[in-house]
Structures are given as C-alpha cells and as structure tokens.
>>> print(open('protein-v9.txt').read())   # compact mmCIF, C-alpha atoms
# COMPACT_ATOMS: atom_id res chain seq x y z
CA MET M 358 -24.36 39.39 40.45
CA LYS M 359 -20.91 40.84 40.95
CA LYS M 360 -20.89 44.26 42.59
CA PRO M 361 -18.66 46.53 40.46
CA TYR M 362 -16.28 48.50 42.64
CA TRP M 363 -16.64 51.83 40.81
CA ASN M 364 -20.40 51.48 40.72
CA THR M 365 -20.46 51.35 44.52
CA ILE M 366 -17.88 54.12 45.00
CA LEU M 367 -19.69 56.52 42.68
CA GLY M 368 -23.21 55.52 43.68
CA THR M 369 -22.48 56.07 47.35
CA GLY M 370 -20.97 59.52 46.77
CA LEU M 371 -17.40 58.34 47.36
CA GLY M 372 -18.59 56.15 50.25
CA ALA M 373 -20.65 58.72 52.16
CA GLY M 374 -23.90 56.89 51.44
CA LEU M 375 -22.58 53.90 53.37
CA ILE M 376 -22.85 55.80 56.65
CA PRO M 377 -25.75 53.97 58.35
CA VAL M 378 -27.35 57.09 59.88
CA ALA M 379 -28.74 59.75 57.49
CA PRO M 380 -26.99 58.52 54.32
CA GLY M 381 -28.79 61.11 52.17
CA THR M 382 -27.55 63.94 54.35
CA PHE M 383 -23.99 62.64 54.42
CA GLY M 384 -24.19 61.93 50.69
CA THR M 385 -25.24 65.52 50.08
CA LEU M 386 -22.40 66.77 52.29
CA SER M 387 -19.94 64.68 50.28
CA ALA M 388 -21.00 66.56 47.15
CA ILE M 389 -19.95 69.94 48.57
CA PRO M 390 -16.16 69.67 48.08
CA VAL M 391 -16.66 68.31 44.57
CA ALA M 392 -19.14 71.08 43.75
CA LEU M 393 -16.68 73.66 45.07
CA LEU M 394 -14.08 72.35 42.61
CA PHE M 395 -16.52 72.52 39.71
CA GLY M 396 -17.62 75.94 40.97
CA LEU M 397 -14.15 77.28 40.21
CA PHE M 398 -15.50 77.51 36.65
CA GLY M 399 -18.56 79.51 37.75
CA TRP M 400 -22.12 78.63 36.86
CA PHE M 401 -20.92 76.62 33.86
CA GLY M 402 -18.92 74.37 36.18
CA ILE M 403 -22.00 73.78 38.34
CA VAL M 404 -24.07 72.93 35.26
CA LEU M 405 -21.36 70.45 34.27
CA PHE M 406 -21.47 69.03 37.82
CA ILE M 407 -25.26 68.54 37.52
CA VAL M 408 -24.97 66.91 34.11
CA LEU M 409 -22.18 64.56 35.21
CA ALA M 410 -23.98 63.53 38.41
CA SER M 411 -27.15 62.91 36.38
CA VAL M 412 -25.35 60.89 33.70
CA ILE M 413 -23.56 58.86 36.36
CA THR M 414 -26.89 58.19 38.07
CA TYR M 415 -28.45 56.95 34.84
CA ALA M 416 -25.37 54.88 33.99
CA ILE M 417 -24.85 53.07 37.27
CA TYR M 418 -28.22 53.00 39.03
CA PRO M 419 -29.63 49.97 37.16
CA VAL M 420 -26.77 47.73 38.32
CA TYR M 421 -26.83 49.29 41.79
CA GLU M 422 -30.55 48.53 42.05
CA LEU M 423 -29.97 44.91 41.05
CA ASN M 424 -27.40 44.54 43.84
CA TYR M 425 -29.01 46.58 46.63
CA GLY M 426 -32.74 46.82 45.85
CA ILE M 427 -35.05 49.60 44.75
CA ASP M 428 -33.95 53.11 45.78
CA PRO M 429 -31.52 52.07 48.51
CA GLY M 430 -30.57 54.80 50.96
CA SER M 431 -26.90 54.25 50.23
CA PHE M 432 -27.29 55.46 46.62
CA VAL M 433 -26.64 59.21 46.83
CA MET M 434 -25.33 60.29 43.42
CA ASP M 435 -28.82 61.65 42.75
CA GLU M 436 -28.41 63.94 45.78
CA TRP M 437 -25.30 65.34 44.13
CA ALA M 438 -27.30 66.38 41.06
CA GLY M 439 -30.09 67.87 43.20
CA LEU M 440 -27.64 69.85 45.31
CA GLY M 441 -26.08 71.16 42.10
CA ILE M 442 -29.42 72.63 41.04
CA SER M 443 -29.70 74.24 44.49
CA LEU M 444 -26.27 75.83 44.08
CA LEU M 445 -26.89 77.49 40.71
CA PRO M 446 -28.24 80.77 42.19
CA VAL M 447 -25.06 81.13 44.28
CA TYR M 448 -23.02 81.33 41.08
CA ILE M 449 -25.52 83.08 38.82
CA PHE M 450 -26.34 85.88 41.28
CA GLY M 451 -23.01 86.08 43.09
CA ALA M 452 -24.18 85.24 46.60
CA ASP M 453 -21.66 84.79 49.39
CA LEU M 454 -20.17 81.35 48.75
CA TRP M 455 -20.30 79.95 52.29
CA ILE M 456 -23.72 81.34 53.18
CA GLY M 457 -25.05 80.28 49.77
CA TYR M 458 -23.73 76.73 50.13
CA GLY M 459 -25.10 76.46 53.65
CA LEU M 460 -28.55 77.67 52.65
CA ALA M 461 -28.61 75.58 49.46
CA PHE M 462 -27.71 72.49 51.50
CA ALA M 463 -30.36 73.23 54.15
CA PHE M 464 -33.14 73.97 51.65
CA PHE M 465 -32.28 70.92 49.58
CA ARG M 466 -32.35 68.57 52.57
CA VAL M 467 -35.70 69.99 53.75
CA PHE M 468 -37.31 69.44 50.34
CA ASP M 469 -35.62 66.08 49.75
CA ILE M 470 -36.69 64.71 53.14
CA SER M 471 -40.21 66.19 53.23
CA LYS M 472 -41.08 65.18 49.65
CA VAL M 473 -43.63 68.02 49.33
CA LEU M 474 -45.08 69.73 46.26
CA GLY M 475 -45.12 66.66 44.02
CA ILE M 476 -41.65 65.36 44.87
CA ASP M 477 -43.17 62.23 46.40
CA ALA M 478 -45.10 61.49 43.20
CA ILE M 479 -41.98 61.74 41.04
CA GLN M 480 -40.07 59.47 43.40
CA ASN M 481 -42.53 56.70 42.45
CA TYR M 482 -41.32 56.62 38.83
CA GLU M 483 -39.44 53.44 38.02
CA GLY M 484 -35.67 53.08 38.00
CA ALA M 485 -33.27 55.96 37.67
CA ASN M 486 -36.04 58.34 36.62
CA GLY M 487 -37.69 58.27 40.04
CA VAL M 488 -34.41 58.23 41.91
CA LEU M 489 -32.98 61.22 40.03
CA TRP M 490 -35.92 63.44 39.13
CA ASP M 491 -37.29 63.77 42.66
CA ASP M 492 -33.91 65.18 43.72
CA LEU M 493 -33.76 67.50 40.73
CA LEU M 494 -37.19 68.85 41.66
CA ALA M 495 -36.11 69.25 45.30
CA GLY M 496 -33.08 71.13 43.97
CA LEU M 497 -35.31 73.38 41.85
CA TYR M 498 -37.51 74.26 44.82
CA SER M 499 -34.37 74.91 46.87
CA ALA M 500 -32.98 77.18 44.16
CA ILE M 501 -36.22 79.17 44.10
CA CYS M 502 -36.04 79.66 47.87
CA LEU M 503 -32.41 80.68 47.61
CA ILE M 504 -33.17 83.19 44.85
CA PHE M 505 -35.88 84.68 47.06
CA LEU M 506 -33.39 85.06 49.92
CA ILE M 507 -30.66 86.50 47.70
CA PHE M 508 -32.93 89.26 46.38
CA ILE M 509 -35.03 89.93 49.46
CA VAL M 510 -32.80 89.26 52.46
CA LEU M 511 -29.09 88.90 51.58
>>> encode(input="protein-v9.txt", output="structure tokens")
Amino acid sequence: MKKPYWNTILGTGLGAGLIPVAPGTFGTLSAIPVALLFGLFGWFGIVLFIVLASVITYAIYPVYELNYGIDPGSFVMDEWAGLGISLLPVYIFGADLWIGYGLAFAFFRVFDISKVLGIDAIQNYEGANGVLWDDLLAGLYSAICLIFLIFIVL
C-alpha cells in the first residue's frame, strides 16, 4: 500500500515520532509549540487543539496502521491530544504558562509511560480507539494532578 505523505507527517507529529529513541516523548514535545499557538485563544483554543488532534488520529490511524503495524511508536498524534487534556488546567485556572506546560508535560509522560490506573486496559482496544483513548485518560490523570498542584502548591 502506498504511504500517503501527509498521513506520515501528521501521524508522526510533524516528524518527531520518527526519532528512534523515545518517539512518544519527542512526539509530545513537538505538540508544545502547536499547543502554544492554539493557547493564544485560551482554554477554547486548547479544546480545539484536543478535538483536532483526536479527529486527525481517527482519520489517519487506520492507514498508518496498515503501513506500519499495530500501535507503532512513531505514531504520536494521540500524544498531542493527551497533552492537550493535560494543559487545560493551565488555561482554565491561569497557572504560570511555562511552569504549567512543564508540569503538564512531565505528568503526562509519567502516566503515558507507566500505563497505570486502567490506562493499560484501554490501550488494548482495537484501532484508533485504543491508540487515542489511553492517551486521553493519561491526559485526564495529568490534569487532575496539575489541578491539585495549582490549588495546593502554586
């Protein structure tokens, strides 16, 4: 099957997922400048970022899977959506942008890598559902941790 150019560019988070070491981490990092642009429109922009990353994941993952196998490490558009969920408290509660982004990134990577609290079970769903929803759940757990820090510590 032909590998559509835009499918690969978008699926790999503008190429970051092609980095052979820690593609999920680099894919998540590649989402930060894009999220910052969407964040110029506040929490609504971040919600739009989450929706677009999710729609793109659903649209292109089936072809990506046919070309590269089930849940390949290079596919990181789902990380973009999960990071977006993690970033919502930064915009809703007005946390410091740089500290908030740093903490959201760190929490998200911990939950995404560790696959705790049911994340591993969701990852086993077939197709784009498993690929996307485990990251959305990791993002939700990250957002909860960030909310805790915003109100208790920061």
>>> closest_residue(input="protein-v9.txt", among="M:Ile509, M:Val412, M:Leu493, M:Met434", to="Ser387 (chain M)", atoms="only C-alpha atoms")
M:Met434
>>> residues_near_point(input="protein-v9.txt", point="(-19.1, 77.5, 43.6)", cutoff="10 Å", atoms="only C-alpha atoms", output="list of chain:residue names")
M:Ile389, M:Pro390, M:Val391, M:Ala392, M:Leu393, M:Leu394, M:Phe395, M:Gly396, M:Leu397, M:Phe398, M:Gly399, M:Trp400, M:Phe401, M:Gly402, M:Ile403, M:Gly441, M:Leu444, M:Leu445, M:Pro446, M:Val447, M:Tyr448, M:Ile449, M:Gly451, M:Ala452, M:Asp453, M:Leu454, M:Trp455, M:Gly457, M:Tyr458
>>> residues_around(input="protein-v9.txt", residues="region 472-486 of chain M", least_positions_apart="5", cutoff="10 Å", atoms="all atoms listed in the file", output="list in words")
Ser411, Thr414, Tyr415, Ala416, Ile417, Tyr418, Pro419, Glu422, Ile427, Asp428, Asp435, Arg466, Val467, Asp491, Asp492, Leu493, Leu494, Ala495 and Tyr498 of chain M
>>> atom_distance(input="protein-v9.txt", atom1="CA of Thr369 (chain M)", atom2="CA of Ala463 (chain M)")
20.1 Å
>>> closest_residue(input="protein-v9.txt", among="M:Asn364, M:Ser499, M:Thr385, M:Asn424", to="Ile442 (chain M)", atoms="only C-alpha atoms")
M:Ser499
>>> atom_distance(input="protein-v9.txt", atom1="CA of Leu440 (chain M)", atom2="CA of Gly496 (chain M)")
5.7 Å
>>> atom_distance(input="protein-v9.txt", atom1="CA of Leu409 (chain M)", atom2="CA of Ile456 (chain M)")
24.6 Å
>>> closest_residue(input="protein-v9.txt", among="M:Val378, M:Val408, M:Ile366, M:Leu503", to="Phe465 (chain M)", atoms="only C-alpha atoms")
M:Leu503
